[in-house]
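Everything on this sheet refers to the single structure shown next.
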Amino acid sequence: MNLIKDLSNAVIEGNSELAVSIAKNIISQGVDVNDAIFKGLNEGMRIVSDLYAKREYFLPEIIISADALYDALEVFKPHLDLTNTKSKAVVVIGVVRGDVHDIGKNLTRLFLEASGYKVIDCGRNVQPDIFIKTIKENNADVLALSTLMNPTLESITNLIELLKEENLEKKLIIIIGGAATSDQFAQKIGVIHCDDASKAAKILDELILEEKS
Amino acid sequence: MELIDTEYFRGILGKSGTSVPSFPIILGYSIWAYHKHTGIPAYEIMKNGKKHAAAQLYVAKEFNLPFVISFSDLNVVGEALGATLTYMHDVIPMHEIAAVKTVEDIEVLETADPHKDGRMPVILETCRNYVKKFKNSENIIGAGVEGPITAAGSVWGMENLMRNMINNPELVHKILEVTTDSIIDFLNEQMETGTDLAVLSDPSASCTCISPQFFQEFAFPYYKKISRKVNTVAFLIHICGEVYNILKLLTRVPKILVISVDMVDLKKAKEALGKKFIILMGNVSTATMRYGTAQQVEEEAKMCIRAAAEGGKFMLSTACDIAPGTPSVNIKALINAGSKYGTYPLINLES
């Protein structure tokens, strides 16, 4: 358990070297890898997410924490047992057409994965048909869209229209975020607004729980 | 021409009978609006000084705005230093590929030449067109460019820049030296054409991205250097995102005259600026401007005036560049709110 706690702390500190070394120790000592990922890496990232929400951490700190997480994950990958892992929901995520600012999207993906969501990342400057194809192919439950810039808010409204035409809009929870988005804009187009990457998982948890009950 | 010499901006002194100056930020918006008006593709407007100037002049005329600014996107220095942009048909270009990939690339990075590199010559031509149009008038011409952190993000990729603020701060400073020197040379060339003041826009320096400590380490020294070395009487600095915790530092940037803010409580911000003659500018939401009604714009504008106009040193504006498609009626509502609610003494606020 100490190793897992240490791994979590290495992520919080953003110490890649230490995280990799602990991950190797975990493998050599036969500690459950899934446990190490969920209680070590993901728990560390969840705390990082809280620290960002409290503005004790900022983007540089989150980015090096993410580096530590991914580096340790590389060590675990060959030893992963995926047979019994069940995700909370399938999220398709991307930065909409016309925008390439993807730090917020990447953080959201990270925080969602750390909270047990399966996330399919379409990348940045994503054309609407790619979103639609990915949603259909993966039977997605959630569509998470991001944009930093005002000019590309229009890409979100256009995509929502297309989703309506494809009869996908009602089947999905659509959540948007990024500097250009706002509660008012989200209400106007009938989607959920998330003003902070660190809150996305909590918002989705509540919505999914609501849908199930 | 200095701001306080002009009729339009006289309200910044807060004297009886004058009004809070009120206008939206129209940089990228102008490119879209001019494209809509003329059918000229945005990529063509962005690469031609005459057309680029015509875009903002068109919007300024449309809304009777007595100022223009030379730039319309935040990748001018980045592109001049080698970043690749994707040019769009209807809006400003977007950043695609960083200029440097390796430490070796950074070692050989050189200051941009304003007469040769990227679109810097286009911006200089834009300035000359503005000066030709506005010489001897009460209009204000702003020389402008993105700030050093935003430019460095464009040069190295924002994630790399942020990551190395912790992992390799020396390398970050090396890039910031180059972006800062490029900004200084570029702004000086713009000032040389006859522009009135300098504008820096640096969203990546906000506390939404970096901590106040990192702002102090990676942004503040470069702001001071730029301000000292650029031949201007005044600076306007715009930082989108959270800025409250860096406002006091910003007041220590030499020649700072206007701080244009996005996510901040204007009342607290005004208090933080203290007694110095620094004008606070902001911060009606760009989402309200784009998707709200004229009445909602007016309500928000009124709240801004109520929070920050008492005693002057305030300009009513938008939190950031307004979005393409922002309805004209909303722009007019914002502009009118300055005189409707912001005429000194402020007795119309409760209506």
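Labels for the structure tokens follow display order: chains A, B, ..., residues from 1 in each chain, ligands from 1.
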Looking only at alpha helix (DSSP H) from DSSP on the backbone, list the matching residues of range 19-181 of chain B as a VMD selection string.
-> chain B and resid 27 to 38 42 to 46 49 to 62 76 to 80 103 to 107 120 to 134 148 to 156 158 to 167 169 to 181
Counting only C-alpha atoms, chain A residues within 8 Å of chain B, as a PyMOL selection string | chain A and resi 57-61+63-64+98-100+103+150-151+179-182+184-185+188
For C-alpha atoms, I'd like the residues from the last selection saved as a PDB file, in the first residue's frame.
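Output below, filename again-v4.pdb:
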```
ATOM      1  CA  TYR A  57      -1.760  24.326  -8.840  1.00  0.00           C
ATOM      2  CA  PHE A  58      -1.676  25.912 -12.291  1.00  0.00           C
ATOM      3  CA  LEU A  59      -1.061  24.569 -15.794  1.00  0.00           C
ATOM      4  CA  PRO A  60       2.712  23.987 -15.430  1.00  0.00           C
ATOM      5  CA  GLU A  61       2.198  21.904 -12.279  1.00  0.00           C
ATOM      6  CA  ILE A  63       1.364  19.232 -17.001  1.00  0.00           C
ATOM      7  CA  ILE A  64       4.330  17.778 -15.126  1.00  0.00           C
ATOM      8  CA  GLY A  98     -11.108  25.988 -36.203  1.00  0.00           C
ATOM      9  CA  ASP A  99      -9.349  25.801 -32.846  1.00  0.00           C
ATOM     10  CA  VAL A 100      -6.097  24.114 -31.934  1.00  0.00           C
ATOM     11  CA  ILE A 103      -4.377  22.039 -23.117  1.00  0.00           C
ATOM     12  CA  ASN A 150     -14.600  33.192 -29.479  1.00  0.00           C
ATOM     13  CA  PRO A 151     -14.625  32.644 -33.263  1.00  0.00           C
ATOM     14  CA  ALA A 179     -12.346  30.029 -22.107  1.00  0.00           C
ATOM     15  CA  ALA A 180     -14.824  31.130 -24.764  1.00  0.00           C
ATOM     16  CA  THR A 181     -17.725  29.136 -23.333  1.00  0.00           C
ATOM     17  CA  SER A 182     -20.129  30.270 -20.639  1.00  0.00           C
ATOM     18  CA  GLN A 184     -25.292  31.532 -20.860  1.00  0.00           C
ATOM     19  CA  PHE A 185     -23.987  30.113 -24.129  1.00  0.00           C
ATOM     20  CA  LYS A 188     -28.769  28.844 -25.201  1.00  0.00           C
TER      21      LYS A 188
END
```
Among range 17-258 of chain B, which ones does DSSP place in strand (DSSP E or B), written as a ChimeraX atom specification?
-> /B:19,22,25,67-69,84-86,94-97,140-146,197-201,235-242,256-258
Next, the residues of the selection above should be written as an mmCIF file, in the first residue's frame with N, CA and C atoms.
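The new file selection22.cif reads:
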```cif
data_model
loop_
_atom_site.group_PDB
_atom_site.id
_atom_site.type_symbol
_atom_site.label_atom_id
_atom_site.label_comp_id
_atom_site.auth_asym_id
_atom_site.auth_seq_id
_atom_site.Cartn_x
_atom_site.Cartn_y
_atom_site.Cartn_z
ATOM 1 N N SER B 19 -18.491 61.378 -20.184
ATOM 2 C CA SER B 19 -19.033 60.014 -20.020
ATOM 3 C C SER B 19 -17.924 58.973 -20.075
ATOM 4 N N SER B 22 -16.852 54.012 -24.069
ATOM 5 C CA SER B 22 -17.376 52.641 -24.155
ATOM 6 C C SER B 22 -17.262 52.110 -25.574
ATOM 7 N N ILE B 25 -13.824 45.352 -27.917
ATOM 8 C CA ILE B 25 -12.543 45.012 -28.550
ATOM 9 C C ILE B 25 -12.886 44.336 -29.880
ATOM 10 N N PHE B 67 -10.716 54.864 -32.684
ATOM 11 C CA PHE B 67 -9.400 54.249 -32.510
ATOM 12 C C PHE B 67 -9.273 53.022 -33.396
ATOM 13 N N VAL B 68 -8.059 52.686 -33.690
ATOM 14 C CA VAL B 68 -7.754 51.432 -34.382
ATOM 15 C C VAL B 68 -6.477 50.864 -33.772
ATOM 16 N N ILE B 69 -6.333 49.539 -33.858
ATOM 17 C CA ILE B 69 -5.144 48.864 -33.340
ATOM 18 C C ILE B 69 -4.535 48.073 -34.499
ATOM 19 N N THR B 84 4.092 27.725 -37.616
ATOM 20 C CA THR B 84 3.230 27.589 -38.798
ATOM 21 C C THR B 84 1.784 27.825 -38.404
ATOM 22 N N LEU B 85 1.102 28.661 -39.174
ATOM 23 C CA LEU B 85 -0.318 28.937 -38.912
ATOM 24 C C LEU B 85 -1.160 28.339 -40.034
ATOM 25 N N THR B 86 -2.404 28.081 -39.721
ATOM 26 C CA THR B 86 -3.347 27.698 -40.773
ATOM 27 C C THR B 86 -4.251 28.896 -41.022
ATOM 28 N N MET B 94 -5.100 30.236 -37.259
ATOM 29 C CA MET B 94 -4.843 29.555 -35.990
ATOM 30 C C MET B 94 -3.455 28.920 -36.000
ATOM 31 N N HIS B 95 -2.913 28.790 -34.799
ATOM 32 C CA HIS B 95 -1.577 28.221 -34.626
ATOM 33 C C HIS B 95 -1.603 26.737 -34.927
ATOM 34 N N GLU B 96 -0.660 26.269 -35.724
ATOM 35 C CA GLU B 96 -0.657 24.850 -36.088
ATOM 36 C C GLU B 96 0.578 24.129 -35.564
ATOM 37 N N ILE B 97 1.765 24.627 -35.941
ATOM 38 C CA ILE B 97 3.001 23.913 -35.560
ATOM 39 C C ILE B 97 3.982 24.899 -34.918
ATOM 40 N N ILE B 140 -7.177 57.682 -32.113
ATOM 41 C CA ILE B 140 -6.013 57.056 -31.485
ATOM 42 C C ILE B 140 -5.599 55.837 -32.308
ATOM 43 N N ILE B 141 -4.307 55.714 -32.547
ATOM 44 C CA ILE B 141 -3.801 54.543 -33.269
ATOM 45 C C ILE B 141 -2.911 53.740 -32.332
ATOM 46 N N GLY B 142 -3.259 52.502 -32.153
ATOM 47 C CA GLY B 142 -2.474 51.636 -31.270
ATOM 48 C C GLY B 142 -1.534 50.732 -32.059
ATOM 49 N N ALA B 143 -0.256 50.739 -31.655
ATOM 50 C CA ALA B 143 0.683 49.747 -32.185
ATOM 51 C C ALA B 143 0.512 48.524 -31.301
ATOM 52 N N GLY B 144 0.450 47.335 -31.876
ATOM 53 C CA GLY B 144 0.170 46.212 -30.978
ATOM 54 C C GLY B 144 0.763 44.890 -31.400
ATOM 55 N N VAL B 145 0.827 44.017 -30.424
ATOM 56 C CA VAL B 145 1.359 42.671 -30.661
ATOM 57 C C VAL B 145 1.021 41.798 -29.455
ATOM 58 N N GLU B 146 1.140 40.467 -29.645
ATOM 59 C CA GLU B 146 0.939 39.577 -28.492
ATOM 60 C C GLU B 146 2.097 39.730 -27.503
ATOM 61 N N LEU B 197 0.151 54.865 -29.147
ATOM 62 C CA LEU B 197 0.501 54.127 -27.928
ATOM 63 C C LEU B 197 0.684 52.655 -28.281
ATOM 64 N N ALA B 198 1.195 51.899 -27.306
ATOM 65 C CA ALA B 198 1.474 50.479 -27.582
ATOM 66 C C ALA B 198 0.509 49.569 -26.817
ATOM 67 N N VAL B 199 0.140 48.469 -27.462
ATOM 68 C CA VAL B 199 -0.798 47.517 -26.878
ATOM 69 C C VAL B 199 -0.146 46.131 -26.829
ATOM 70 N N LEU B 200 -0.256 45.495 -25.672
ATOM 71 C CA LEU B 200 0.248 44.122 -25.527
ATOM 72 C C LEU B 200 -0.905 43.236 -25.088
ATOM 73 N N SER B 201 -1.085 42.102 -25.738
ATOM 74 C CA SER B 201 -2.119 41.169 -25.315
ATOM 75 C C SER B 201 -1.458 39.834 -24.983
ATOM 76 N N PHE B 235 1.269 52.366 -22.384
ATOM 77 C CA PHE B 235 0.973 50.976 -22.726
ATOM 78 C C PHE B 235 -0.442 50.604 -22.318
ATOM 79 N N LEU B 236 -1.093 49.828 -23.176
ATOM 80 C CA LEU B 236 -2.340 49.167 -22.783
ATOM 81 C C LEU B 236 -2.016 47.679 -22.727
ATOM 82 N N ILE B 237 -2.296 47.051 -21.599
ATOM 83 C CA ILE B 237 -2.055 45.610 -21.494
ATOM 84 C C ILE B 237 -3.381 44.888 -21.319
ATOM 85 N N HIS B 238 -3.592 43.884 -22.163
ATOM 86 C CA HIS B 238 -4.806 43.066 -22.056
ATOM 87 C C HIS B 238 -4.410 41.630 -21.712
ATOM 88 N N ILE B 239 -4.969 41.119 -20.632
ATOM 89 C CA ILE B 239 -4.729 39.714 -20.281
ATOM 90 C C ILE B 239 -6.078 39.054 -20.016
ATOM 91 N N CYS B 240 -6.437 38.080 -20.860
ATOM 92 C CA CYS B 240 -7.693 37.361 -20.614
ATOM 93 C C CYS B 240 -7.464 36.348 -19.502
ATOM 94 N N GLY B 241 -8.523 35.930 -18.867
ATOM 95 C CA GLY B 241 -8.416 34.964 -17.786
ATOM 96 C C GLY B 241 -8.351 35.678 -16.444
ATOM 97 N N GLU B 242 -7.959 34.918 -15.409
ATOM 98 C CA GLU B 242 -7.934 35.487 -14.053
ATOM 99 C C GLU B 242 -6.709 36.386 -13.876
ATOM 100 N N ILE B 256 2.593 52.102 -17.870
ATOM 101 C CA ILE B 256 1.302 51.432 -18.039
ATOM 102 C C ILE B 256 0.169 52.438 -17.848
ATOM 103 N N LEU B 257 -0.745 52.482 -18.796
ATOM 104 C CA LEU B 257 -1.845 53.438 -18.718
ATOM 105 C C LEU B 257 -3.198 52.733 -18.613
ATOM 106 N N VAL B 258 -3.344 51.629 -19.347
ATOM 107 C CA VAL B 258 -4.634 50.935 -19.338
ATOM 108 C C VAL B 258 -4.402 49.444 -19.070
#
```
Could you work out how far CA of Pro21 in chain B lies from CA of Lys255 in chain B, giving the answer in Å with one decimal?
-> 20.6 Å
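Note that CA of Ile331 in chain B and CA of Ile176 in chain A are 25.5 Å apart.
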B:Leu247, B:Ala307, B:Val297, B:Ile183 ranked by distance to Val329 in chain B, top pick (using only C-alpha atoms) | B:Val297
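The shortest atom-to-atom distance to Val11 in chain A, with only C-alpha atoms taken into account, belongs to A:Ser65 out of A:Arg46, A:Ile37, A:Ser65, A:Gly30.
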Which polymer residues have any atom within 10 Å of an atom of Gly14 in chain B, counting only C-alpha atoms, with same-chain residues fewer than 2 positions away left out, as a ChimeraX atom specification?
-> /B:10-12,16-20,309-314,342-346
Save out the residues we just selected, N, CA and C atoms, as a PDB file, in the first residue's frame.
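Writing the result to out.pdb gives the following:
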```
ATOM      1  N   ARG B  10     -12.260  61.629 -22.905  1.00  0.00           N
ATOM      2  CA  ARG B  10     -12.152  62.579 -21.799  1.00  0.00           C
ATOM      3  C   ARG B  10     -12.785  62.053 -20.502  1.00  0.00           C
ATOM      4  N   GLY B  11     -13.778  61.184 -20.659  1.00  0.00           N
ATOM      5  CA  GLY B  11     -14.485  60.626 -19.498  1.00  0.00           C
ATOM      6  C   GLY B  11     -13.589  59.868 -18.536  1.00  0.00           C
ATOM      7  N   ILE B  12     -12.401  59.511 -18.980  1.00  0.00           N
ATOM      8  CA  ILE B  12     -11.518  58.765 -18.070  1.00  0.00           C
ATOM      9  C   ILE B  12     -11.071  59.619 -16.889  1.00  0.00           C
ATOM     10  N   SER B  16     -17.455  66.002 -14.350  1.00  0.00           N
ATOM     11  CA  SER B  16     -18.867  66.247 -14.581  1.00  0.00           C
ATOM     12  C   SER B  16     -19.146  66.601 -16.049  1.00  0.00           C
ATOM     13  N   GLY B  17     -20.184  65.968 -16.609  1.00  0.00           N
ATOM     14  CA  GLY B  17     -20.573  66.248 -17.988  1.00  0.00           C
ATOM     15  C   GLY B  17     -19.896  65.340 -19.007  1.00  0.00           C
ATOM     16  N   THR B  18     -18.857  64.643 -18.602  1.00  0.00           N
ATOM     17  CA  THR B  18     -18.215  63.695 -19.523  1.00  0.00           C
ATOM     18  C   THR B  18     -18.765  62.292 -19.244  1.00  0.00           C
ATOM     19  N   SER B  19     -18.491  61.378 -20.184  1.00  0.00           N
ATOM     20  CA  SER B  19     -19.033  60.014 -20.020  1.00  0.00           C
ATOM     21  C   SER B  19     -17.924  58.973 -20.075  1.00  0.00           C
ATOM     22  N   VAL B  20     -18.232  57.831 -19.484  1.00  0.00           N
ATOM     23  CA  VAL B  20     -17.316  56.680 -19.540  1.00  0.00           C
ATOM     24  C   VAL B  20     -17.124  56.303 -21.020  1.00  0.00           C
ATOM     25  N   ALA B 309     -16.809  52.744 -12.271  1.00  0.00           N
ATOM     26  CA  ALA B 309     -16.700  54.050 -12.942  1.00  0.00           C
ATOM     27  C   ALA B 309     -16.532  55.234 -11.987  1.00  0.00           C
ATOM     28  N   GLU B 310     -16.942  55.051 -10.740  1.00  0.00           N
ATOM     29  CA  GLU B 310     -16.879  56.179  -9.799  1.00  0.00           C
ATOM     30  C   GLU B 310     -15.457  56.762  -9.739  1.00  0.00           C
ATOM     31  N   GLY B 311     -15.359  58.044  -9.939  1.00  0.00           N
ATOM     32  CA  GLY B 311     -14.034  58.682  -9.863  1.00  0.00           C
ATOM     33  C   GLY B 311     -13.235  58.621 -11.147  1.00  0.00           C
ATOM     34  N   GLY B 312     -13.830  58.061 -12.203  1.00  0.00           N
ATOM     35  CA  GLY B 312     -13.116  57.996 -13.490  1.00  0.00           C
ATOM     36  C   GLY B 312     -12.157  56.822 -13.566  1.00  0.00           C
ATOM     37  N   LYS B 313     -11.153  56.953 -14.420  1.00  0.00           N
ATOM     38  CA  LYS B 313     -10.142  55.908 -14.645  1.00  0.00           C
ATOM     39  C   LYS B 313     -10.782  54.569 -15.039  1.00  0.00           C
ATOM     40  N   PHE B 314     -11.861  54.668 -15.811  1.00  0.00           N
ATOM     41  CA  PHE B 314     -12.550  53.444 -16.247  1.00  0.00           C
ATOM     42  C   PHE B 314     -13.032  53.574 -17.683  1.00  0.00           C
ATOM     43  N   GLY B 342     -23.169  56.055 -17.815  1.00  0.00           N
ATOM     44  CA  GLY B 342     -21.851  56.427 -17.298  1.00  0.00           C
ATOM     45  C   GLY B 342     -21.526  57.899 -17.437  1.00  0.00           C
ATOM     46  N   THR B 343     -22.543  58.759 -17.507  1.00  0.00           N
ATOM     47  CA  THR B 343     -22.248  60.196 -17.562  1.00  0.00           C
ATOM     48  C   THR B 343     -22.061  60.718 -16.133  1.00  0.00           C
ATOM     49  N   TYR B 344     -20.949  61.406 -15.939  1.00  0.00           N
ATOM     50  CA  TYR B 344     -20.616  61.907 -14.591  1.00  0.00           C
ATOM     51  C   TYR B 344     -21.378  63.184 -14.276  1.00  0.00           C
ATOM     52  N   PRO B 345     -21.863  63.392 -13.063  1.00  0.00           N
ATOM     53  CA  PRO B 345     -21.859  62.446 -11.953  1.00  0.00           C
ATOM     54  C   PRO B 345     -22.804  61.264 -12.244  1.00  0.00           C
ATOM     55  N   LEU B 346     -22.524  60.119 -11.667  1.00  0.00           N
ATOM     56  CA  LEU B 346     -23.228  58.883 -12.043  1.00  0.00           C
ATOM     57  C   LEU B 346     -24.599  58.801 -11.379  1.00  0.00           C
TER      58      LEU B 346
END
```
Shell of 7 Å around range 104-113 of chain A, only C-alpha atoms, local chain residues under 2 positions omitted, as a ChimeraX atom specification | /A:45-46,49,94-95,102,115-119,146,178,197-198,200-201
Restricting the output to C-alpha atoms, write the selected residues as a PDB file, in the first residue's frame.
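Written file, part.pdb:
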```pdb
ATOM      1  CA  MET A  45      -4.287  13.013 -10.479  1.00  0.00           C
ATOM      2  CA  ARG A  46      -7.594  13.483  -8.667  1.00  0.00           C
ATOM      3  CA  SER A  49      -7.321  18.261 -10.069  1.00  0.00           C
ATOM      4  CA  GLY A  94     -12.199  17.038 -28.853  1.00  0.00           C
ATOM      5  CA  VAL A  95     -11.432  20.661 -29.649  1.00  0.00           C
ATOM      6  CA  ASP A 102      -5.872  21.693 -26.595  1.00  0.00           C
ATOM      7  CA  SER A 115     -12.156   9.163 -12.546  1.00  0.00           C
ATOM      8  CA  GLY A 116     -12.936   5.952 -14.421  1.00  0.00           C
ATOM      9  CA  TYR A 117     -14.309   7.165 -17.759  1.00  0.00           C
ATOM     10  CA  LYS A 118     -13.286   5.664 -21.060  1.00  0.00           C
ATOM     11  CA  VAL A 119     -12.226   8.632 -23.150  1.00  0.00           C
ATOM     12  CA  SER A 146     -13.712  22.403 -25.951  1.00  0.00           C
ATOM     13  CA  GLY A 178     -12.923  26.330 -22.574  1.00  0.00           C
ATOM     14  CA  ALA A 197     -11.394  20.962 -16.387  1.00  0.00           C
ATOM     15  CA  SER A 198     -11.129  19.673 -12.849  1.00  0.00           C
ATOM     16  CA  ALA A 200     -15.877  17.717 -15.501  1.00  0.00           C
ATOM     17  CA  ALA A 201     -15.788  14.313 -13.797  1.00  0.00           C
TER      18      ALA A 201
END
```
Do you know which residues are at most 7 Å from Ala205 in chain B counting only C-alpha atoms, after dropping those on the same chain fewer than 6 positions away, and could you put them as a PDB file with N, CA and C atoms, in the first residue's frame?
```pdb
ATOM      1  N   ILE B 149       4.808  35.926 -23.204  1.00  0.00           N
ATOM      2  CA  ILE B 149       4.475  34.539 -22.835  1.00  0.00           C
ATOM      3  C   ILE B 149       3.657  33.887 -23.951  1.00  0.00           C
ATOM      4  N   PHE B 215       4.157  34.297 -12.854  1.00  0.00           N
ATOM      5  CA  PHE B 215       3.985  35.565 -13.583  1.00  0.00           C
ATOM      6  C   PHE B 215       5.130  36.495 -13.230  1.00  0.00           C
ATOM      7  N   ALA B 219       6.964  36.621 -16.609  1.00  0.00           N
ATOM      8  CA  ALA B 219       6.308  37.654 -17.412  1.00  0.00           C
ATOM      9  C   ALA B 219       6.757  39.056 -17.006  1.00  0.00           C
TER      10      ALA B 219
END
```
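All residues of protein, DNA or RNA that reach within 12 Å of Ile130 in chain A, judged by only C-alpha atoms and not counting those fewer than 4 positions away in the chain, are A:Val92, A:Ile93, A:Gly94, A:Val95, A:Val96, A:Arg97, A:Ile120, A:Asp121, A:Cys122, A:Gly123, A:Arg124, A:Asn125, A:Val126, A:Thr134, A:Ile135, A:Lys136, A:Glu137, A:Leu159, A:Leu162, A:Leu163.
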Can I get the selection written as an mmCIF file, in the first residue's frame, with C-alpha atoms?
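Written output follows (selection20.cif):
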```
data_model
loop_
_atom_site.group_PDB
_atom_site.id
_atom_site.type_symbol
_atom_site.label_atom_id
_atom_site.label_comp_id
_atom_site.auth_asym_id
_atom_site.auth_seq_id
_atom_site.Cartn_x
_atom_site.Cartn_y
_atom_site.Cartn_z
ATOM 1 C CA VAL A 92 -15.826 11.325 -26.985
ATOM 2 C CA ILE A 93 -13.764 14.468 -26.543
ATOM 3 C CA GLY A 94 -12.199 17.038 -28.853
ATOM 4 C CA VAL A 95 -11.432 20.661 -29.649
ATOM 5 C CA VAL A 96 -13.915 21.879 -32.244
ATOM 6 C CA ARG A 97 -13.184 22.848 -35.835
ATOM 7 C CA ILE A 120 -11.806 8.639 -26.912
ATOM 8 C CA ASP A 121 -9.819 11.674 -27.939
ATOM 9 C CA CYS A 122 -10.543 13.079 -31.412
ATOM 10 C CA GLY A 123 -7.766 15.675 -31.038
ATOM 11 C CA ARG A 124 -7.941 19.320 -32.021
ATOM 12 C CA ASN A 125 -9.490 21.218 -34.932
ATOM 13 C CA VAL A 126 -11.907 18.290 -35.292
ATOM 14 C CA THR A 134 -16.546 8.434 -33.485
ATOM 15 C CA ILE A 135 -19.738 8.781 -31.432
ATOM 16 C CA LYS A 136 -21.510 6.168 -33.561
ATOM 17 C CA GLU A 137 -18.600 3.739 -33.718
ATOM 18 C CA LEU A 159 -22.057 20.654 -34.493
ATOM 19 C CA LEU A 162 -25.710 18.293 -37.023
ATOM 20 C CA LEU A 163 -26.142 16.034 -33.991
#
```
